[in-house]
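J.: If it helps, the file is called final.txt and holds compact mmCIF, C-alpha atoms:
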```txt
# COMPACT_ATOMS: atom_id res chain seq x y z
CA MET A 124 -33.88 -0.45 35.03
CA ASN A 125 -33.70 -2.52 38.21
CA ILE A 126 -33.60 0.51 40.51
CA GLU A 127 -34.41 4.21 40.30
CA LEU A 128 -31.31 6.08 39.15
CA CYS A 129 -30.39 9.71 39.67
CA LYS A 130 -28.65 11.73 36.92
CA PRO A 131 -27.61 8.70 34.83
CA VAL A 132 -24.86 8.72 32.21
CA LEU A 133 -25.44 6.33 29.29
CA LEU A 134 -22.83 4.88 26.95
CA GLN A 135 -23.46 2.66 23.93
CA LEU A 136 -20.80 -0.06 23.90
CA ARG A 137 -19.12 -1.47 20.80
CA ASP A 138 -21.06 -4.74 21.11
CA GLY A 139 -24.42 -2.93 21.08
CA ARG A 140 -25.14 -3.07 24.81
CA VAL A 141 -25.68 0.09 26.86
CA PHE A 142 -23.65 0.90 29.98
CA ILE A 143 -25.58 2.98 32.53
CA CYS A 144 -23.97 4.60 35.55
CA ALA A 145 -25.67 6.85 38.09
CA GLY A 146 -26.37 7.35 41.79
CA THR A 147 -29.09 6.78 44.32
CA ALA A 148 -30.39 8.70 47.30
CA GLU A 149 -28.37 6.38 49.57
CA LEU A 150 -25.07 7.83 48.29
CA GLU A 151 -24.17 4.58 46.61
CA CYS A 152 -23.16 4.32 42.99
CA TRP A 153 -24.76 1.83 40.70
CA ALA A 154 -24.08 0.59 37.21
CA GLU A 155 -26.19 -1.49 34.86
CA LEU A 156 -25.63 -3.14 31.50
CA TYR A 157 -28.65 -3.17 29.22
CA ASP A 158 -28.88 -5.80 26.48
CA PRO A 159 -31.32 -4.46 23.83
CA VAL A 160 -31.54 -7.86 22.11
CA LYS A 161 -32.69 -9.65 25.26
CA GLY A 162 -34.34 -6.59 26.80
CA VAL A 163 -32.57 -7.31 30.10
CA PHE A 164 -30.83 -5.02 32.61
CA GLY A 165 -27.83 -6.53 34.41
CA ARG A 166 -27.14 -4.74 37.69
CA ARG A 167 -23.57 -3.98 38.80
CA ILE A 168 -22.60 -2.47 42.15
CA LEU A 169 -19.74 -0.02 42.50
CA SER A 170 -17.26 -0.14 45.35
CA ASP A 171 -18.36 1.17 48.76
CA ALA A 172 -15.35 3.49 48.55
CA ILE A 173 -17.28 5.69 46.13
CA GLY A 174 -18.86 8.47 48.10
CA TYR A 175 -19.87 10.90 45.37
CA PRO A 176 -22.71 9.30 43.47
CA PHE A 177 -23.07 11.29 40.27
CA PRO A 178 -20.75 10.70 37.28
CA SER A 179 -20.63 13.38 34.60
CA SER A 180 -18.98 11.58 31.67
CA CYS A 181 -18.16 8.08 30.48
CA PHE A 182 -16.35 6.43 27.56
CA GLN A 183 -15.25 2.96 26.47
CA TRP A 184 -11.47 2.49 26.50
CA THR A 185 -11.10 -1.16 25.49
CA ASP A 186 -13.55 -3.93 24.64
CA GLN A 187 -13.66 -4.89 28.32
CA GLN A 188 -13.07 -1.56 30.08
CA VAL A 189 -14.99 1.67 30.50
CA MET A 190 -13.82 4.92 32.10
CA ILE A 191 -16.16 6.91 34.33
CA TYR A 192 -15.43 10.52 35.23
CA TYR A 193 -16.38 12.03 38.59
CA HIS A 194 -16.00 15.67 39.58
CA SER A 195 -15.14 14.46 43.08
CA TRP A 196 -13.70 11.25 44.49
CA VAL A 197 -13.95 12.05 48.13
CA TYR A 198 -14.73 9.52 50.83
CA ASP A 199 -16.24 6.19 51.69
CA LYS A 200 -19.71 5.86 53.20
CA GLN A 201 -18.41 5.53 56.75
CA GLU A 202 -16.49 8.79 56.47
CA PHE A 203 -19.50 10.54 54.96
CA TYR A 204 -21.57 9.91 58.05
CA HIS A 205 -18.79 11.04 60.39
CA LEU A 206 -19.85 14.24 62.17
CA SER A 207 -16.75 16.20 61.23
CA ILE A 208 -17.28 15.42 57.55
CA ARG A 209 -20.99 16.21 57.69
CA ALA A 210 -20.16 19.56 59.27
CA LEU A 211 -18.32 20.41 56.04
CA GLY A 212 -21.39 19.60 53.99
CA GLY A 213 -20.32 16.03 53.28
CA GLU A 214 -17.06 16.87 51.52
CA ASP A 215 -13.49 15.95 52.36
CA LYS A 216 -11.71 18.95 50.86
CA GLU A 217 -8.33 17.22 50.87
CA HIS A 218 -9.50 14.41 48.58
CA ASN A 219 -12.07 16.28 46.50
CA LYS A 220 -10.46 15.67 43.10
CA PRO A 221 -11.69 15.17 39.53
CA SER A 222 -11.11 11.45 38.95
CA LEU A 223 -11.33 8.71 36.35
CA LEU A 224 -12.54 5.29 37.48
CA LEU A 225 -11.68 2.22 35.44
CA TYR A 226 -14.29 -0.55 35.39
CA ASN A 227 -13.65 -3.99 33.88
CA MET A 228 -17.02 -5.27 32.68
CA VAL A 229 -15.81 -8.88 32.43
CA GLU A 230 -13.94 -9.17 35.73
CA LYS A 231 -16.36 -6.74 37.46
CA THR A 232 -13.50 -4.89 39.16
CA TRP A 233 -13.05 -1.18 39.90
CA ASP A 234 -9.92 0.93 40.25
CA VAL A 235 -9.18 4.64 40.58
CA PHE A 236 -7.33 5.17 37.31
CA ALA A 237 -6.31 8.82 37.79
CA ASP A 238 -7.15 11.70 40.11
CA ASN A 239 -5.09 14.47 38.51
CA LEU A 240 -7.43 15.66 35.76
CA LEU A 241 -7.79 19.37 35.24
CA ALA A 242 -10.88 20.64 37.04
CA PRO A 243 -13.47 22.78 35.21
CA LEU A 244 -13.80 26.45 36.12
CA TYR A 245 -17.06 25.63 37.86
CA GLN A 246 -19.08 22.53 38.66
CA MET A 247 -20.61 21.32 35.41
CA ARG A 248 -23.53 18.93 35.10
CA ARG A 249 -21.62 17.12 32.37
CA ARG A 250 -18.07 17.36 31.04
CA ASN A 251 -17.11 16.63 27.46
CA LEU A 252 -14.41 13.97 27.74
CA VAL A 253 -14.04 12.73 24.17
CA TYR A 254 -11.98 9.58 23.61
CA VAL A 255 -10.60 9.31 20.05
CA GLY A 256 -8.59 6.07 20.24
CA GLY A 257 -5.18 4.93 21.46
CA ASP A 258 -4.34 6.84 24.64
CA ILE A 259 -5.71 10.23 23.58
CA LEU A 260 -8.52 11.90 25.51
CA PHE A 261 -9.78 15.39 24.60
CA ILE A 262 -11.29 17.53 27.37
CA ILE A 263 -13.56 20.06 25.65
CA ASP A 264 -15.24 22.17 28.32
CA TYR A 265 -14.76 25.53 26.60
CA ALA A 266 -14.87 26.46 22.93
CA THR A 267 -11.66 28.48 22.83
CA CYS A 268 -9.47 26.26 25.00
CA TRP A 269 -9.22 22.45 24.93
CA PHE A 270 -6.91 20.04 26.69
CA VAL A 271 -5.36 16.75 25.60
CA TYR A 272 -4.88 14.12 28.30
CA ASP A 273 -2.62 11.12 27.70
CA LEU A 274 -4.07 7.99 29.28
CA SER A 275 -0.78 6.07 29.21
CA SER A 276 1.28 8.69 31.05
CA LYS A 277 -1.77 9.93 33.00
CA LYS A 278 -1.04 13.60 32.44
CA GLU A 279 -2.10 16.60 30.41
CA VAL A 280 0.13 16.85 27.34
CA GLU A 281 -1.29 19.75 25.32
CA LYS A 282 -3.42 22.87 25.53
CA ILE A 283 -5.26 23.65 22.29
CA LYS A 284 -6.42 27.14 21.30
CA LEU A 285 -9.34 27.51 18.88
CA ASP A 286 -10.10 30.76 17.07
CA ILE A 287 -13.89 30.92 17.24
CA GLU A 288 -16.37 33.75 17.78
CA CYS A 289 -17.68 33.67 21.34
CA ASP A 290 -20.11 35.47 23.57
CA PRO A 291 -18.35 38.75 24.52
CA TYR A 292 -19.63 38.32 28.09
CA ASP A 293 -18.33 34.75 28.37
CA ALA A 294 -14.61 34.54 27.64
CA GLY A 295 -14.53 30.76 27.89
CA GLU A 296 -17.83 29.92 26.16
CA VAL A 297 -18.99 26.67 27.73
CA VAL A 298 -19.49 23.80 25.28
CA LEU A 299 -22.85 22.13 25.86
CA GLU A 300 -21.95 18.96 23.94
CA ALA A 301 -18.97 17.76 21.91
CA PHE A 302 -18.92 14.78 19.54
CA TYR A 303 -16.15 13.02 17.65
CA ALA A 304 -17.18 12.19 14.09
CA GLY A 305 -14.94 9.13 13.72
CA THR A 306 -14.25 5.79 15.35
CA ASN A 307 -12.13 5.36 18.48
CA VAL A 308 -11.18 1.77 17.67
CA MET A 309 -8.19 2.78 15.50
CA GLU A 310 -5.46 5.32 16.28
CA SER A 311 -5.26 8.46 14.15
CA ALA A 312 -3.44 11.80 13.94
CA SER A 313 -6.40 13.86 12.71
CA TRP A 314 -9.93 14.19 14.03
CA VAL A 315 -13.17 16.05 13.33
CA PHE A 316 -15.38 17.27 16.18
CA TYR A 317 -18.81 18.88 16.36
CA LEU A 318 -19.51 21.38 19.13
CA PHE A 319 -22.84 22.76 20.34
CA LEU A 320 -22.98 26.06 22.22
CA ASN A 321 -25.58 28.49 23.51
CA ASN A 322 -26.84 31.04 21.03
CA THR A 323 -26.32 34.45 22.64
CA HIS A 324 -29.12 36.24 20.80
CA ASP A 325 -31.78 33.51 21.06
CA HIS A 326 -30.81 30.78 23.50
CA HIS A 327 -34.41 29.56 23.84
CA ASN A 328 -34.98 28.62 20.19
CA ALA A 329 -31.53 28.12 18.70
CA LEU A 330 -28.15 26.47 19.24
CA ARG A 331 -24.83 27.46 17.75
CA TYR A 332 -22.77 24.67 16.26
CA ALA A 333 -19.22 24.36 14.98
CA LYS A 334 -17.28 21.76 13.03
CA VAL A 335 -13.63 21.66 14.10
CA GLY A 336 -10.70 19.76 12.64
CA VAL A 337 -7.69 18.87 14.81
CA VAL A 338 -4.36 17.60 13.48
CA GLN A 339 -1.37 16.33 15.42
CA ALA A 340 1.78 17.55 13.69
CA LYS A 341 4.98 15.52 13.38
CA GLY A 342 6.48 17.40 16.29
CA GLY A 343 3.56 16.38 18.50
CA ASP A 344 1.78 19.74 18.59
CA TYR A 345 -2.00 19.82 18.12
CA VAL A 346 -3.55 22.37 15.76
CA ALA A 347 -7.30 23.11 15.73
CA THR A 348 -9.06 24.73 12.76
CA LEU A 349 -12.64 25.94 12.57
CA LEU A 350 -14.10 24.29 9.45
CA MET A 351 -17.63 25.66 9.62
CA SER A 352 -20.14 27.14 12.05
CA GLY A 353 -23.75 28.21 12.11
CA VAL A 354 -27.00 28.32 14.04
CA LEU A 355 -29.37 25.39 14.45
CA ARG A 356 -32.89 26.71 14.91
CA VAL A 357 -35.68 24.79 16.62
CA GLY A 358 -39.32 25.59 17.25
CA LEU A 359 -40.68 27.44 20.23
CA TYR A 360 -40.82 25.45 23.46
CA SER A 361 -44.61 25.78 23.48
CA ASP A 362 -44.85 24.44 19.91
CA ILE A 363 -42.76 21.36 20.70
CA TYR A 364 -43.84 20.38 24.21
CA MET A 365 -47.35 21.83 24.63
```
Could you rewrite the structure in this file as C-alpha cells?
T.:
Amino acid sequence: MNIELCKPVLLQLRDGRVFICAGTAELECWAELYDPVKGVFGRRILSDAIGYPFPSSCFQWTDQQVMIYYHSWVYDKQEFYHLSIRALGGEDKEHNKPSLLLYNMVEKTWDVFADNLLAPLYQMRRRNLVYVGGDILFIIDYATCWFVYDLSSKKEVEKIKLDIECDPYDAGEVVLEAFYAGTNVMESASWVFYLFLNNTHDHHNALRYAKVGVVQAKGGDYVATLLMSGVLRVGLYSDIYM
C-alpha cells in the first residue's frame, strides 16, 4: 500500500483487481486499487467532504462503480475542526446518518448515493451488506431479521423473518459474517446465503454456521428458509497462534 491505512475494507473486483478503502489519522478517506498481475497499488483520494474515515462494508454494483457504506456521513474537515463541533466529540448529530457512497472507478468521481439506510441497533465494526445482483441489496445484521433495500428506489422494501435457534440472551443474534453463494452479475429470484454466528457455549473455539435459502415469490414477498446449520470447530487459540 502507498500509505498506512486504518481499518481497511477490501473488495475483489470482477476484473481481478482489489479495491481497498480505509481511513487515516488525519480524518481523510483514502482508496486504492491493487493490480495483482502488475503488483501495483493505484492511490485514489476521496472527497474532502468525507469526515468519517472508516467504512464498514463495500460491494461492486456495476463494472465501473462500487458502493461504500459508512455508519456516519457527517461533516467536512473544516466543520470537524470547528470548536462547536469538537465540543460534541467531533459529530454533527443532525447529519450523522448511515450512508452509501457511489464511486466511479473510471471517472474517479464520488457521490452520496443514499443516506436513508436503516441503522444497526448499535455501532458495528462491520455490517453485512450483501449485493445479489440487479437492484437488490440484503442487509443481514441479525440472524432472525433481515432487510431488503432496493437500490433503484433507494428505500427498504421488505423485512425478512428467519426461524433460527438463537442465543436466549441475545434476541437479535448478531451475524458476524454473511456470504452470498452465487454471482451478482445476473438477476435472480432465489438466493443461498451462509451465515456465521457466535457459538454460545464455546465462543473461543467454535463458530455456528447456517445455510439459508431466500425466494422472492410472484407477489414480491421474500421467504427465508433455514436449510442447514451446525458448529464449525477450530483449535485452541494457543495451538494456532502460539
J.: A:Asp264, A:Val338, A:Gln188, A:Trp269: which is nearest A:Glu230, counting all atoms listed in the file?
T.: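 Nearest candidate to A:Glu230 out of A:Asp264, A:Val338, A:Gln188, A:Trp269: A:Gln188.
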J.: Which residues are close to stretch 300-315 of chain A, i.e. within 7 Å by only C-alpha atoms, leaving aside same-chain residues fewer than 2 positions away? Reply as a list in words.
T.: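 The neighbour list is Asn251, Val253, Tyr254, Val255, Gly256, Gly257, Ile263, Val298, Tyr317, Leu318, Phe319, Val335, Gly336, Val337, Val338 and Gln339 of chain A.
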J.: Got time to write the residues from that selection, C-alpha atoms, as a PDB file, in the frame of the given file?
T.:
```pdb
ATOM      1  CA  ASN A 251     -17.110  16.630  27.460  1.00  0.00           C
ATOM      2  CA  VAL A 253     -14.040  12.730  24.170  1.00  0.00           C
ATOM      3  CA  TYR A 254     -11.980   9.580  23.610  1.00  0.00           C
ATOM      4  CA  VAL A 255     -10.600   9.310  20.050  1.00  0.00           C
ATOM      5  CA  GLY A 256      -8.590   6.070  20.240  1.00  0.00           C
ATOM      6  CA  GLY A 257      -5.180   4.930  21.460  1.00  0.00           C
ATOM      7  CA  ILE A 263     -13.560  20.060  25.650  1.00  0.00           C
ATOM      8  CA  VAL A 298     -19.490  23.800  25.280  1.00  0.00           C
ATOM      9  CA  TYR A 317     -18.810  18.880  16.360  1.00  0.00           C
ATOM     10  CA  LEU A 318     -19.510  21.380  19.130  1.00  0.00           C
ATOM     11  CA  PHE A 319     -22.840  22.760  20.340  1.00  0.00           C
ATOM     12  CA  VAL A 335     -13.630  21.660  14.100  1.00  0.00           C
ATOM     13  CA  GLY A 336     -10.700  19.760  12.640  1.00  0.00           C
ATOM     14  CA  VAL A 337      -7.690  18.870  14.810  1.00  0.00           C
ATOM     15  CA  VAL A 338      -4.360  17.600  13.480  1.00  0.00           C
ATOM     16  CA  GLN A 339      -1.370  16.330  15.420  1.00  0.00           C
TER      17      GLN A 339
END
```
J.: Pick the closest to A:Met351 from A:Ala333, A:Val280, A:Val189, A:Leu134: which is it, counting all atoms listed in the file?
T.: A:Ala333
J.: Which residue, A:Asn227, A:Thr348, A:Thr267, A:Ser275, has the smallest gap to A:Lys334 when you use only C-alpha atoms?
T.: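 Using only C-alpha atoms, A:Lys334 sits closest to A:Thr348.
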J.: What is the atom CA of A:Cys289 to atom CA of A:Phe270 distance in Å?
T.: 18.2 Å
J.: Could you check which of A:Arg140, A:Met228, A:Val160, A:Pro131 is closest to A:Cys181, using only C-alpha atoms?
T.: A:Pro131
J.: Quick one: residues within 12 Å of (-0.9, 14.2, 26.3) (file frame), counting all atoms listed in the file, please, as a PyMOL selection string.
T.: chain A and resi 240+257-262+269-283+339+343-345
J.: Produce a file of the selected residues containing C-alpha atoms, as a PDB file, in the frame of the given file.
T.:
```pdb
ATOM      1  CA  LEU A 240      -7.430  15.660  35.760  1.00  0.00           C
ATOM      2  CA  GLY A 257      -5.180   4.930  21.460  1.00  0.00           C
ATOM      3  CA  ASP A 258      -4.340   6.840  24.640  1.00  0.00           C
ATOM      4  CA  ILE A 259      -5.710  10.230  23.580  1.00  0.00           C
ATOM      5  CA  LEU A 260      -8.520  11.900  25.510  1.00  0.00           C
ATOM      6  CA  PHE A 261      -9.780  15.390  24.600  1.00  0.00           C
ATOM      7  CA  ILE A 262     -11.290  17.530  27.370  1.00  0.00           C
ATOM      8  CA  TRP A 269      -9.220  22.450  24.930  1.00  0.00           C
ATOM      9  CA  PHE A 270      -6.910  20.040  26.690  1.00  0.00           C
ATOM     10  CA  VAL A 271      -5.360  16.750  25.600  1.00  0.00           C
ATOM     11  CA  TYR A 272      -4.880  14.120  28.300  1.00  0.00           C
ATOM     12  CA  ASP A 273      -2.620  11.120  27.700  1.00  0.00           C
ATOM     13  CA  LEU A 274      -4.070   7.990  29.280  1.00  0.00           C
ATOM     14  CA  SER A 275      -0.780   6.070  29.210  1.00  0.00           C
ATOM     15  CA  SER A 276       1.280   8.690  31.050  1.00  0.00           C
ATOM     16  CA  LYS A 277      -1.770   9.930  33.000  1.00  0.00           C
ATOM     17  CA  LYS A 278      -1.040  13.600  32.440  1.00  0.00           C
ATOM     18  CA  GLU A 279      -2.100  16.600  30.410  1.00  0.00           C
ATOM     19  CA  VAL A 280       0.130  16.850  27.340  1.00  0.00           C
ATOM     20  CA  GLU A 281      -1.290  19.750  25.320  1.00  0.00           C
ATOM     21  CA  LYS A 282      -3.420  22.870  25.530  1.00  0.00           C
ATOM     22  CA  ILE A 283      -5.260  23.650  22.290  1.00  0.00           C
ATOM     23  CA  GLN A 339      -1.370  16.330  15.420  1.00  0.00           C
ATOM     24  CA  GLY A 343       3.560  16.380  18.500  1.00  0.00           C
ATOM     25  CA  ASP A 344       1.780  19.740  18.590  1.00  0.00           C
ATOM     26  CA  TYR A 345      -2.000  19.820  18.120  1.00  0.00           C
TER      27      TYR A 345
END
```
J.: Provide the atom CA of A:Ser179 to atom CA of A:Leu330 distance in Å, to one decimal place.
T.: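 Atom CA of A:Ser179 sits 21.5 Å away from atom CA of A:Leu330.
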J.: What lies within 8 Å of A:Glu155 using only C-alpha atoms, ignoring chain neighbours under 3 positions off, as a JSON list (two decimals) with C-alpha atoms, in the coordinates of the input?
T.:
```json
[["chain", "number", "residue", "atom", "x", "y", "z"],
["A", 124, "MET", "CA", -33.88, -0.45, 35.03],
["A", 142, "PHE", "CA", -23.65, 0.90, 29.98],
["A", 143, "ILE", "CA", -25.58, 2.98, 32.53],
["A", 144, "CYS", "CA", -23.97, 4.60, 35.55],
["A", 164, "PHE", "CA", -30.83, -5.02, 32.61],
["A", 165, "GLY", "CA", -27.83, -6.53, 34.41],
["A", 166, "ARG", "CA", -27.14, -4.74, 37.69],
["A", 167, "ARG", "CA", -23.57, -3.98, 38.80]]
```
J.: I'd like the interatomic distance between atom CA of A:Ala266 and atom CA of A:Asn322, to a tenth of an Å.
T.: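 According to the coordinates, atom CA of A:Ala266 and atom CA of A:Asn322 are separated by 13.0 Å.
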J.: Name the closest residue to A:Arg331 among the candidates A:Arg356, A:Arg250, A:Lys220, A:Lys284; distances are taken between atoms, counting all atoms listed in the file.
T.: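 Ranking A:Arg356, A:Arg250, A:Lys220, A:Lys284 by distance to A:Arg331, first place goes to A:Arg356.
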J.: Measuring atom to atom with only C-alpha atoms, identify which of A:Tyr192, A:Tyr157, A:Arg249, A:Tyr226 is nearest to A:Lys130.
T.: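 Among A:Tyr192, A:Tyr157, A:Arg249, A:Tyr226, it is A:Arg249 that comes nearest to A:Lys130.
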J.: What's the 9 Å shell around A:Phe236, counting only C-alpha atoms, without same-chain residues fewer than 6 positions away, as a count of residues only?
T.: 6
